[in-house]
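Data from upload_1.cif: mmCIF, C-alpha atoms, pLDDT in the B column; chains and numbers go by the auth columns
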```
data_entry
loop_
_atom_site.group_PDB
_atom_site.id
_atom_site.type_symbol
_atom_site.label_atom_id
_atom_site.label_comp_id
_atom_site.label_asym_id
_atom_site.label_seq_id
_atom_site.Cartn_x
_atom_site.Cartn_y
_atom_site.Cartn_z
_atom_site.B_iso_or_equiv
_atom_site.auth_seq_id
_atom_site.auth_asym_id
ATOM 1 C CA MET A 1 220.210 -142.939 71.905 58.00 1 A
ATOM 2 C CA ASP A 2 222.021 -146.182 72.745 52.00 2 A
ATOM 3 C CA ASN A 3 225.650 -145.790 71.663 52.00 3 A
ATOM 4 C CA LYS A 4 225.581 -149.368 70.357 48.00 4 A
ATOM 5 C CA THR A 5 223.191 -148.371 67.617 62.00 5 A
ATOM 6 C CA ASN A 6 224.899 -148.613 64.238 90.00 6 A
ATOM 7 C CA ARG A 7 223.522 -145.572 62.446 94.00 7 A
ATOM 8 C CA GLY A 8 225.151 -146.564 59.189 95.00 8 A
ATOM 9 C CA LYS A 9 223.471 -149.964 59.277 96.00 9 A
ATOM 10 C CA LEU A 10 220.093 -148.299 59.808 97.00 10 A
ATOM 11 C CA VAL A 11 220.706 -145.791 57.004 97.00 11 A
ATOM 12 C CA ARG A 12 221.556 -148.632 54.630 97.00 12 A
ATOM 13 C CA LYS A 13 218.481 -150.608 55.688 97.00 13 A
ATOM 14 C CA TYR A 14 215.777 -147.931 55.778 98.00 14 A
ATOM 15 C CA ILE A 15 216.996 -145.666 52.977 98.00 15 A
ATOM 16 C CA GLY A 16 219.623 -147.652 51.103 98.00 16 A
ATOM 17 C CA GLU A 17 217.508 -150.726 50.424 97.00 17 A
ATOM 18 C CA GLU A 18 214.844 -148.571 48.781 96.00 18 A
ATOM 19 C CA ILE A 19 217.047 -146.390 46.588 97.00 19 A
ATOM 20 C CA GLU A 20 219.152 -149.381 45.554 96.00 20 A
ATOM 21 C CA LYS A 21 216.059 -150.585 43.695 93.00 21 A
ATOM 22 C CA PHE A 22 216.722 -147.634 41.381 92.00 22 A
ATOM 23 C CA LYS A 23 220.345 -148.542 40.645 94.00 23 A
ATOM 24 C CA PHE A 24 221.972 -146.462 43.384 97.00 24 A
ATOM 25 C CA GLU A 25 225.082 -148.081 44.845 98.00 25 A
ATOM 26 C CA TYR A 26 226.431 -147.581 48.353 98.00 26 A
ATOM 27 C CA LYS A 27 229.874 -145.947 48.157 97.00 27 A
ATOM 28 C CA GLY A 28 230.691 -146.126 51.840 96.00 28 A
ATOM 29 C CA TYR A 29 231.032 -143.602 54.646 95.00 29 A
ATOM 30 C CA GLN A 30 233.078 -140.744 53.183 91.00 30 A
ATOM 31 C CA ASN A 31 233.801 -137.342 54.730 91.00 31 A
ATOM 32 C CA ASP A 32 231.275 -137.896 57.534 92.00 32 A
ATOM 33 C CA SER A 33 228.454 -138.948 55.189 96.00 33 A
ATOM 34 C CA TRP A 34 226.880 -142.093 53.779 97.00 34 A
ATOM 35 C CA LYS A 35 227.144 -141.810 49.997 98.00 35 A
ATOM 36 C CA TYR A 36 225.002 -143.399 47.308 98.00 36 A
ATOM 37 C CA GLU A 37 225.646 -142.957 43.591 98.00 37 A
ATOM 38 C CA ARG A 38 224.251 -144.087 40.290 96.00 38 A
ATOM 39 C CA LYS A 39 225.071 -143.349 36.668 93.00 39 A
ATOM 40 C CA PHE A 40 222.062 -142.102 34.704 89.00 40 A
ATOM 41 C CA LYS A 41 222.528 -141.409 30.995 84.00 41 A
ATOM 42 C CA GLY A 42 226.210 -140.721 31.578 89.00 42 A
ATOM 43 C CA VAL A 43 225.611 -138.451 34.595 92.00 43 A
ATOM 44 C CA ILE A 44 226.737 -139.384 38.107 96.00 44 A
ATOM 45 C CA GLN A 45 223.959 -138.649 40.595 97.00 45 A
ATOM 46 C CA THR A 46 224.782 -138.581 44.321 98.00 46 A
ATOM 47 C CA ILE A 47 222.703 -138.791 47.491 99.00 47 A
ATOM 48 C CA SER A 48 224.699 -137.878 50.584 98.00 48 A
ATOM 49 C CA ILE A 49 223.219 -138.529 54.044 98.00 49 A
ATOM 50 C CA TYR A 50 225.005 -137.072 57.036 97.00 50 A
ATOM 51 C CA PRO A 51 224.636 -136.014 60.692 96.00 51 A
ATOM 52 C CA TYR A 52 224.940 -132.422 61.885 95.00 52 A
ATOM 53 C CA ARG A 53 228.554 -132.012 62.949 91.00 53 A
ATOM 54 C CA PHE A 54 227.630 -130.141 66.146 93.00 54 A
ATOM 55 C CA ASP A 55 224.856 -132.536 67.187 94.00 55 A
ATOM 56 C CA GLN A 56 225.013 -136.180 66.134 92.00 56 A
ATOM 57 C CA ARG A 57 221.324 -136.593 66.979 94.00 57 A
ATOM 58 C CA MET A 58 220.373 -134.569 63.926 96.00 58 A
ATOM 59 C CA ILE A 59 220.565 -135.836 60.350 98.00 59 A
ATOM 60 C CA THR A 60 219.906 -134.576 56.819 98.00 60 A
ATOM 61 C CA PHE A 61 220.834 -135.180 53.183 98.00 61 A
ATOM 62 C CA GLU A 62 221.987 -133.347 50.066 98.00 62 A
ATOM 63 C CA LEU A 63 221.772 -134.077 46.346 98.00 63 A
ATOM 64 C CA TYR A 64 224.173 -133.295 43.529 97.00 64 A
ATOM 65 C CA THR A 65 225.459 -134.485 40.143 96.00 65 A
ATOM 66 C CA ASP A 66 228.587 -133.967 38.055 93.00 66 A
ATOM 67 C CA VAL A 67 226.707 -131.688 35.610 90.00 67 A
ATOM 68 C CA LYS A 68 227.784 -128.094 36.180 81.00 68 A
ATOM 69 C CA ASN A 69 225.553 -126.212 33.724 77.00 69 A
ATOM 70 C CA SER A 70 222.028 -127.390 34.562 85.00 70 A
ATOM 71 C CA ALA A 71 219.257 -124.823 34.350 84.00 71 A
ATOM 72 C CA TYR A 72 217.984 -125.979 37.748 87.00 72 A
ATOM 73 C CA ALA A 73 221.368 -125.379 39.409 88.00 73 A
ATOM 74 C CA SER A 74 221.483 -121.915 37.836 85.00 74 A
ATOM 75 C CA GLU A 75 218.006 -121.190 39.169 86.00 75 A
ATOM 76 C CA MET A 76 218.897 -122.395 42.680 89.00 76 A
ATOM 77 C CA GLY A 77 222.312 -120.735 42.651 88.00 77 A
ATOM 78 C CA THR A 78 224.122 -123.973 43.503 92.00 78 A
ATOM 79 C CA ASN A 79 224.707 -127.471 42.175 91.00 79 A
ATOM 80 C CA VAL A 80 224.311 -128.975 45.675 96.00 80 A
ATOM 81 C CA ILE A 81 220.705 -129.115 46.843 97.00 81 A
ATOM 82 C CA GLN A 82 220.337 -129.529 50.588 97.00 82 A
ATOM 83 C CA ALA A 83 217.157 -130.922 52.140 97.00 83 A
ATOM 84 C CA GLY A 84 216.332 -127.510 53.600 95.00 84 A
ATOM 85 C CA MET A 85 216.160 -126.041 50.081 96.00 85 A
ATOM 86 C CA ILE A 86 213.371 -128.386 48.968 95.00 86 A
ATOM 87 C CA GLU A 87 209.884 -126.891 48.964 91.00 87 A
ATOM 88 C CA ASP A 88 207.027 -128.280 51.030 91.00 88 A
ATOM 89 C CA ILE A 89 208.892 -130.737 53.209 92.00 89 A
ATOM 90 C CA THR A 90 208.316 -131.176 56.929 91.00 90 A
ATOM 91 C CA THR A 91 211.019 -132.041 59.436 94.00 91 A
ATOM 92 C CA ASN A 92 210.816 -132.438 63.210 93.00 92 A
ATOM 93 C CA SER A 93 213.675 -130.070 64.062 90.00 93 A
ATOM 94 C CA GLU A 94 213.930 -126.353 64.700 88.00 94 A
ATOM 95 C CA MET A 95 216.844 -126.346 62.260 92.00 95 A
ATOM 96 C CA TRP A 96 215.296 -126.266 58.812 91.00 96 A
ATOM 97 C CA GLY A 97 216.122 -129.298 56.689 95.00 97 A
ATOM 98 C CA TYR A 98 217.304 -131.468 59.586 97.00 98 A
ATOM 99 C CA TRP A 99 215.559 -134.306 61.383 98.00 99 A
ATOM 100 C CA LYS A 100 216.286 -135.018 65.041 97.00 100 A
ATOM 101 C CA TYR A 101 216.069 -138.193 67.124 96.00 101 A
ATOM 102 C CA ASP A 102 217.022 -139.498 70.557 94.00 102 A
ATOM 103 C CA THR A 103 216.334 -143.217 70.335 94.00 103 A
ATOM 104 C CA GLU A 104 216.841 -145.954 67.766 94.00 104 A
ATOM 105 C CA ASP A 105 213.080 -146.114 67.138 96.00 105 A
ATOM 106 C CA GLU A 106 212.999 -142.377 66.521 96.00 106 A
ATOM 107 C CA LEU A 107 215.942 -142.666 64.128 97.00 107 A
ATOM 108 C CA ILE A 108 214.103 -145.373 62.162 97.00 108 A
ATOM 109 C CA GLU A 109 211.044 -143.127 61.944 98.00 109 A
ATOM 110 C CA VAL A 110 213.222 -140.215 60.788 98.00 110 A
ATOM 111 C CA LEU A 111 214.951 -142.336 58.140 98.00 111 A
ATOM 112 C CA ASN A 112 211.583 -143.441 56.779 98.00 112 A
ATOM 113 C CA ASP A 113 210.503 -139.792 56.546 97.00 113 A
ATOM 114 C CA MET A 114 213.731 -138.921 54.729 98.00 114 A
ATOM 115 C CA LYS A 115 213.246 -141.865 52.369 97.00 115 A
ATOM 116 C CA ASP A 116 209.773 -140.586 51.452 96.00 116 A
ATOM 117 C CA VAL A 117 211.158 -137.126 50.662 97.00 117 A
ATOM 118 C CA LEU A 118 213.932 -138.615 48.559 97.00 118 A
ATOM 119 C CA MET A 119 211.530 -140.784 46.568 95.00 119 A
ATOM 120 C CA LYS A 120 208.811 -138.176 46.070 92.00 120 A
ATOM 121 C CA LYS A 121 210.968 -135.086 45.529 95.00 121 A
ATOM 122 C CA GLY A 122 214.669 -135.929 45.585 96.00 122 A
ATOM 123 C CA MET A 123 214.655 -138.176 42.525 94.00 123 A
ATOM 124 C CA ARG A 124 213.019 -135.503 40.427 92.00 124 A
ATOM 125 C CA ILE A 125 215.536 -132.920 41.602 95.00 125 A
ATOM 126 C CA LEU A 126 218.411 -135.210 40.623 95.00 126 A
ATOM 127 C CA VAL A 127 216.943 -135.476 37.119 91.00 127 A
ATOM 128 C CA GLN A 128 216.701 -131.695 36.909 91.00 128 A
ATOM 129 C CA LEU A 129 220.289 -131.348 38.117 93.00 129 A
ATOM 130 C CA SER A 130 221.352 -133.857 35.444 90.00 130 A
ATOM 131 C CA LYS A 131 220.029 -131.846 32.527 83.00 131 A
ATOM 132 C CA GLY A 132 222.316 -129.446 30.722 71.00 132 A
ATOM 133 C CA GLU A 133 220.742 -126.111 29.844 56.00 133 A
ATOM 134 C CA GLU A 134 220.307 -127.193 26.235 49.00 134 A
ATOM 135 C CA GLU A 135 218.431 -130.424 27.019 51.00 135 A
ATOM 136 C CA THR A 136 214.662 -131.004 26.749 49.00 136 A
ATOM 137 C CA ASP A 137 212.475 -132.077 29.652 60.00 137 A
ATOM 138 C CA THR A 138 211.975 -135.626 28.331 66.00 138 A
ATOM 139 C CA ALA A 139 214.095 -137.205 31.070 64.00 139 A
ATOM 140 C CA GLU A 140 212.213 -135.337 33.779 68.00 140 A
ATOM 141 C CA MET A 141 208.873 -136.527 32.397 74.00 141 A
ATOM 142 C CA TYR A 142 210.145 -140.101 32.199 71.00 142 A
ATOM 143 C CA HIS A 143 211.308 -140.032 35.814 71.00 143 A
ATOM 144 C CA GLU A 144 208.120 -138.402 37.022 77.00 144 A
ATOM 145 C CA LEU A 145 206.125 -141.190 35.358 76.00 145 A
ATOM 146 C CA TYR A 146 208.467 -143.860 36.744 75.00 146 A
ATOM 147 C CA PHE A 147 208.511 -142.698 40.355 80.00 147 A
ATOM 148 C CA ASN A 148 205.061 -141.101 40.748 82.00 148 A
ATOM 149 C CA HIS A 149 202.817 -143.110 38.437 79.00 149 A
ATOM 150 C CA ASP A 150 200.189 -143.769 41.144 86.00 150 A
ATOM 151 C CA GLU A 151 199.809 -140.058 41.938 87.00 151 A
ATOM 152 C CA LEU A 152 199.709 -139.161 38.230 86.00 152 A
ATOM 153 C CA CYS A 153 197.104 -141.855 37.600 87.00 153 A
ATOM 154 C CA GLU A 154 194.955 -140.516 40.445 88.00 154 A
ATOM 155 C CA LYS A 155 195.175 -136.975 39.032 88.00 155 A
ATOM 156 C CA PHE A 156 193.919 -138.208 35.671 87.00 156 A
ATOM 157 C CA ILE A 157 191.016 -140.093 37.300 87.00 157 A
ATOM 158 C CA LYS A 158 189.966 -137.031 39.322 88.00 158 A
ATOM 159 C CA LYS A 159 190.343 -134.701 36.357 87.00 159 A
ATOM 160 C CA THR A 160 188.286 -136.793 33.939 87.00 160 A
ATOM 161 C CA GLY A 161 185.979 -138.880 36.146 85.00 161 A
ATOM 162 C CA ILE A 162 187.148 -141.952 34.230 85.00 162 A
ATOM 163 C CA LYS A 163 186.125 -145.304 35.737 77.00 163 A
ATOM 164 C CA ALA A 164 188.838 -147.710 36.849 74.00 164 A
ATOM 165 C CA THR A 165 186.786 -150.614 38.180 72.00 165 A
ATOM 166 C CA GLY A 166 187.868 -153.486 35.968 70.00 166 A
ATOM 167 C CA PHE A 167 189.532 -154.652 32.785 67.00 167 A
ATOM 168 C CA ASP A 168 186.417 -155.521 30.764 68.00 168 A
ATOM 169 C CA GLU A 169 184.998 -154.406 27.423 74.00 169 A
ATOM 170 C CA LYS A 170 182.701 -151.781 28.927 77.00 170 A
ATOM 171 C CA ASN A 171 185.486 -150.158 30.947 73.00 171 A
ATOM 172 C CA ILE A 172 187.998 -150.324 28.108 79.00 172 A
ATOM 173 C CA ASN A 173 185.541 -148.656 25.718 80.00 173 A
ATOM 174 C CA ASN A 174 184.924 -145.939 28.299 83.00 174 A
ATOM 175 C CA TRP A 175 188.651 -145.363 28.785 83.00 175 A
ATOM 176 C CA PHE A 176 189.267 -144.801 25.101 82.00 176 A
ATOM 177 C CA GLU A 177 186.222 -142.574 24.730 87.00 177 A
ATOM 178 C CA VAL A 178 187.471 -140.359 27.545 87.00 178 A
ATOM 179 C CA ILE A 179 191.040 -140.397 26.231 86.00 179 A
ATOM 180 C CA GLU A 180 189.936 -139.513 22.695 86.00 180 A
ATOM 181 C CA GLU A 181 187.951 -136.579 24.094 88.00 181 A
ATOM 182 C CA ARG A 182 190.933 -135.369 26.142 87.00 182 A
ATOM 183 C CA VAL A 183 193.355 -135.762 23.233 86.00 183 A
ATOM 184 C CA ALA A 184 191.033 -133.667 21.059 86.00 184 A
ATOM 185 C CA VAL A 185 191.120 -130.926 23.712 86.00 185 A
ATOM 186 C CA LEU A 186 194.872 -131.160 24.199 83.00 186 A
ATOM 187 C CA LYS A 187 195.528 -130.839 20.472 82.00 187 A
ATOM 188 C CA LYS A 188 194.124 -127.319 20.665 82.00 188 A
ATOM 189 C CA GLN A 189 196.672 -126.409 23.336 80.00 189 A
ATOM 190 C CA SER A 190 200.407 -125.901 23.145 76.00 190 A
ATOM 191 C CA TYR A 191 202.799 -128.717 24.031 70.00 191 A
ATOM 192 C CA GLU A 192 203.776 -126.921 27.238 70.00 192 A
ATOM 193 C CA GLN A 193 200.120 -126.720 28.300 79.00 193 A
ATOM 194 C CA SER A 194 199.311 -130.342 27.530 81.00 194 A
ATOM 195 C CA LYS A 195 202.466 -132.373 28.214 79.00 195 A
ATOM 196 C CA TRP A 196 201.777 -133.250 31.856 84.00 196 A
ATOM 197 C CA GLU A 197 198.240 -134.437 31.190 86.00 197 A
ATOM 198 C CA LEU A 198 199.690 -136.750 28.544 84.00 198 A
ATOM 199 C CA VAL A 199 202.004 -138.134 31.225 86.00 199 A
ATOM 200 C CA GLU A 200 199.026 -138.571 33.575 88.00 200 A
ATOM 201 C CA MET A 201 197.189 -140.373 30.777 87.00 201 A
ATOM 202 C CA ALA A 202 200.133 -142.734 30.265 87.00 202 A
ATOM 203 C CA ALA A 203 200.257 -143.409 34.014 87.00 203 A
ATOM 204 C CA PHE A 204 196.552 -144.264 34.050 86.00 204 A
ATOM 205 C CA LEU A 205 196.807 -146.731 31.164 83.00 205 A
ATOM 206 C CA GLY A 206 199.964 -148.303 32.584 84.00 206 A
ATOM 207 C CA ASN A 207 198.370 -148.785 35.996 82.00 207 A
ATOM 208 C CA GLN A 208 195.302 -150.462 34.506 78.00 208 A
ATOM 209 C CA LEU A 209 197.418 -152.886 32.503 74.00 209 A
ATOM 210 C CA VAL A 210 199.441 -153.828 35.583 70.00 210 A
ATOM 211 C CA LYS A 211 196.410 -153.998 37.879 67.00 211 A
ATOM 212 C CA TYR A 212 194.193 -156.148 35.693 56.00 212 A
#
```
Could you rewrite the structure in this file as structure tokens?
Amino acid sequence: MDNKTNRGKLVRKYIGEEIEKFKFEYKGYQNDSWKYERKFKGVIQTISIYPYRFDQRMITFELYTDVKNSAYASEMGTNVIQAGMIEDITTNSEMWGYWKYDTEDELIEVLNDMKDVLMKKGMRILVQLSKGEEETDTAEMYHELYFNHDELCEKFIKKTGIKATGFDEKNINNWFEVIEERVAVLKKQSYEQSKWELVEMAAFLGNQLVKY
């Protein structure tokens, strides 16, 4: 890759500009990594992006918070979650959890891939890392709805066959008929069994209000 390429500038453009929309602030290049932080409900959440020290053409990220007793950290055995520890991600390197590149265009493509992982999976992990063992899952549900509302909406549409073709009386009546039927079913289930469909339902209604 051209030595003139400013990797930090590209990181800030292709990852930073997106996560800054969610209140993350760039904290500079510290200890060989580009750091972003935000304060969420009193918890400091950190995204650290850094190159492999033995090969500067490889790059990855890690996530952590200042909460030391989260159930998720206990489950994972660490409070620092590296990209390679995240399930169902795909990188282009033989070293698990790292992305590799040789040119500026390849680096931009890699940073976009990393951004997608951070938005789809990393944000949820940071919420889990932010919860003390005694806390409920309300924050996780809120974040899932906030970051993944389109996917949750689509799940609800596929699950119920509900029509989402317009904001008119016929459609609105159909929505509430379907929702009333689903609520009646969910009431017979435990909270744990029904909570995520309720989130999907909220995502569906929110998307229709915004769309129409």
Expansion of the PyMOL selection byres ((chain A and resi 45-58) around 7) into residues, as number ranges by chain: A: 32-39, 43-44, 59-65, 98-102, 126
Distance of CA of Val67 (chain A) from CA of Val80 (chain A), expressed in Å to one decimal place: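 CA of Val67 (chain A) lies 10.7 Å from CA of Val80 (chain A).
Nearest residue to Lys68 (chain A), choosing from A:Lys120, A:Lys131, A:Lys159, A:Lys187 and counting all atoms listed in the file: A:Lys131.
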Given all atoms listed in the file as the counted atoms, nearest of A:Asn69, A:Gln128, A:Asn31, A:Gln189 to Glu144 (chain A): A:Gln128
Computed interatomic separation between CA of Asp88 (chain A) and CA of Leu118 (chain A) (Å): 12.7 Å
Quick one: apply the PyMOL selection byres ((chain A and resi 143) around 12) to the file and drop the selected residues here as a PDB file with C-alpha atoms, in the coordinates of the input.
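Okay, this is what ended up in result_30.pdb:
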```pdb
ATOM      1  CA  PHE A  22     216.722-147.634  41.381  1.00 92.00           C
ATOM      2  CA  PHE A  40     222.062-142.102  34.704  1.00 89.00           C
ATOM      3  CA  MET A 119     211.530-140.784  46.568  1.00 95.00           C
ATOM      4  CA  LYS A 120     208.811-138.176  46.070  1.00 92.00           C
ATOM      5  CA  LYS A 121     210.968-135.086  45.529  1.00 95.00           C
ATOM      6  CA  GLY A 122     214.669-135.929  45.585  1.00 96.00           C
ATOM      7  CA  MET A 123     214.655-138.176  42.525  1.00 94.00           C
ATOM      8  CA  ARG A 124     213.019-135.503  40.427  1.00 92.00           C
ATOM      9  CA  ILE A 125     215.536-132.920  41.602  1.00 95.00           C
ATOM     10  CA  LEU A 126     218.411-135.210  40.623  1.00 95.00           C
ATOM     11  CA  VAL A 127     216.943-135.476  37.119  1.00 91.00           C
ATOM     12  CA  GLN A 128     216.701-131.695  36.909  1.00 91.00           C
ATOM     13  CA  SER A 130     221.352-133.857  35.444  1.00 90.00           C
ATOM     14  CA  ASP A 137     212.475-132.077  29.652  1.00 60.00           C
ATOM     15  CA  THR A 138     211.975-135.626  28.331  1.00 66.00           C
ATOM     16  CA  ALA A 139     214.095-137.205  31.070  1.00 64.00           C
ATOM     17  CA  GLU A 140     212.213-135.337  33.779  1.00 68.00           C
ATOM     18  CA  MET A 141     208.873-136.527  32.397  1.00 74.00           C
ATOM     19  CA  TYR A 142     210.145-140.101  32.199  1.00 71.00           C
ATOM     20  CA  GLU A 144     208.120-138.402  37.022  1.00 77.00           C
ATOM     21  CA  LEU A 145     206.125-141.190  35.358  1.00 76.00           C
ATOM     22  CA  TYR A 146     208.467-143.860  36.744  1.00 75.00           C
ATOM     23  CA  PHE A 147     208.511-142.698  40.355  1.00 80.00           C
ATOM     24  CA  ASN A 148     205.061-141.101  40.748  1.00 82.00           C
ATOM     25  CA  HIS A 149     202.817-143.110  38.437  1.00 79.00           C
ATOM     26  CA  LEU A 152     199.709-139.161  38.230  1.00 86.00           C
ATOM     27  CA  VAL A 199     202.004-138.134  31.225  1.00 86.00           C
ATOM     28  CA  ALA A 203     200.257-143.409  34.014  1.00 87.00           C
TER      29      ALA A 203
END
```
Atom pair CA of Gln208 (chain A) / CA of Gly166 (chain A): separation (Å): 8.2 Å
So that all listed atoms of region 13-24 of chain A fit with 8 Å spare on each side, what axis-aligned box centre and edge lengths in Å, to one decimal, would you give as AutoDock Vina command-line options?
```
--center_x 218.4 --center_y -148.2 --center_z 48.2 --size_x 23.1 --size_y 21.1 --size_z 31.1
```
Result set, the PyMOL selection byres ((chain A and resi 84) around 10) on current file, as a list in words: Thr60, Phe61, Glu62, Ile81, Gln82, Ala83, Met85, Ile86, Glu87, Asp88, Ile89, Thr90, Thr91, Met95, Trp96, Gly97 and Tyr98 of chain A
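With all atoms listed in the file as the basis for measurement, A:Ile172 is the residue among A:Leu186, A:Ile179, A:Ile172, A:Ile157 that approaches Leu209 (chain A) most closely.
Distances from A:Ser194, A:Lys170, A:Glu200, A:Leu111 to Lys155 (chain A) were compared using all atoms listed in the file, and the smallest one belongs to A:Glu200.
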Contacts of Lys13 (chain A) at 12 Å (all atoms listed in the file; same-chain gap of 5+ positions) as a PyMOL selection string: chain A and resi 6-8+18-20+26+107-108+111-112+115
Residue among A:Leu129, A:Glu94, A:Ile162, A:Lys195 lying closest to Gly77 (chain A), counting only C-alpha atoms: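 With only C-alpha atoms as the atom set, the closest residue is A:Leu129.
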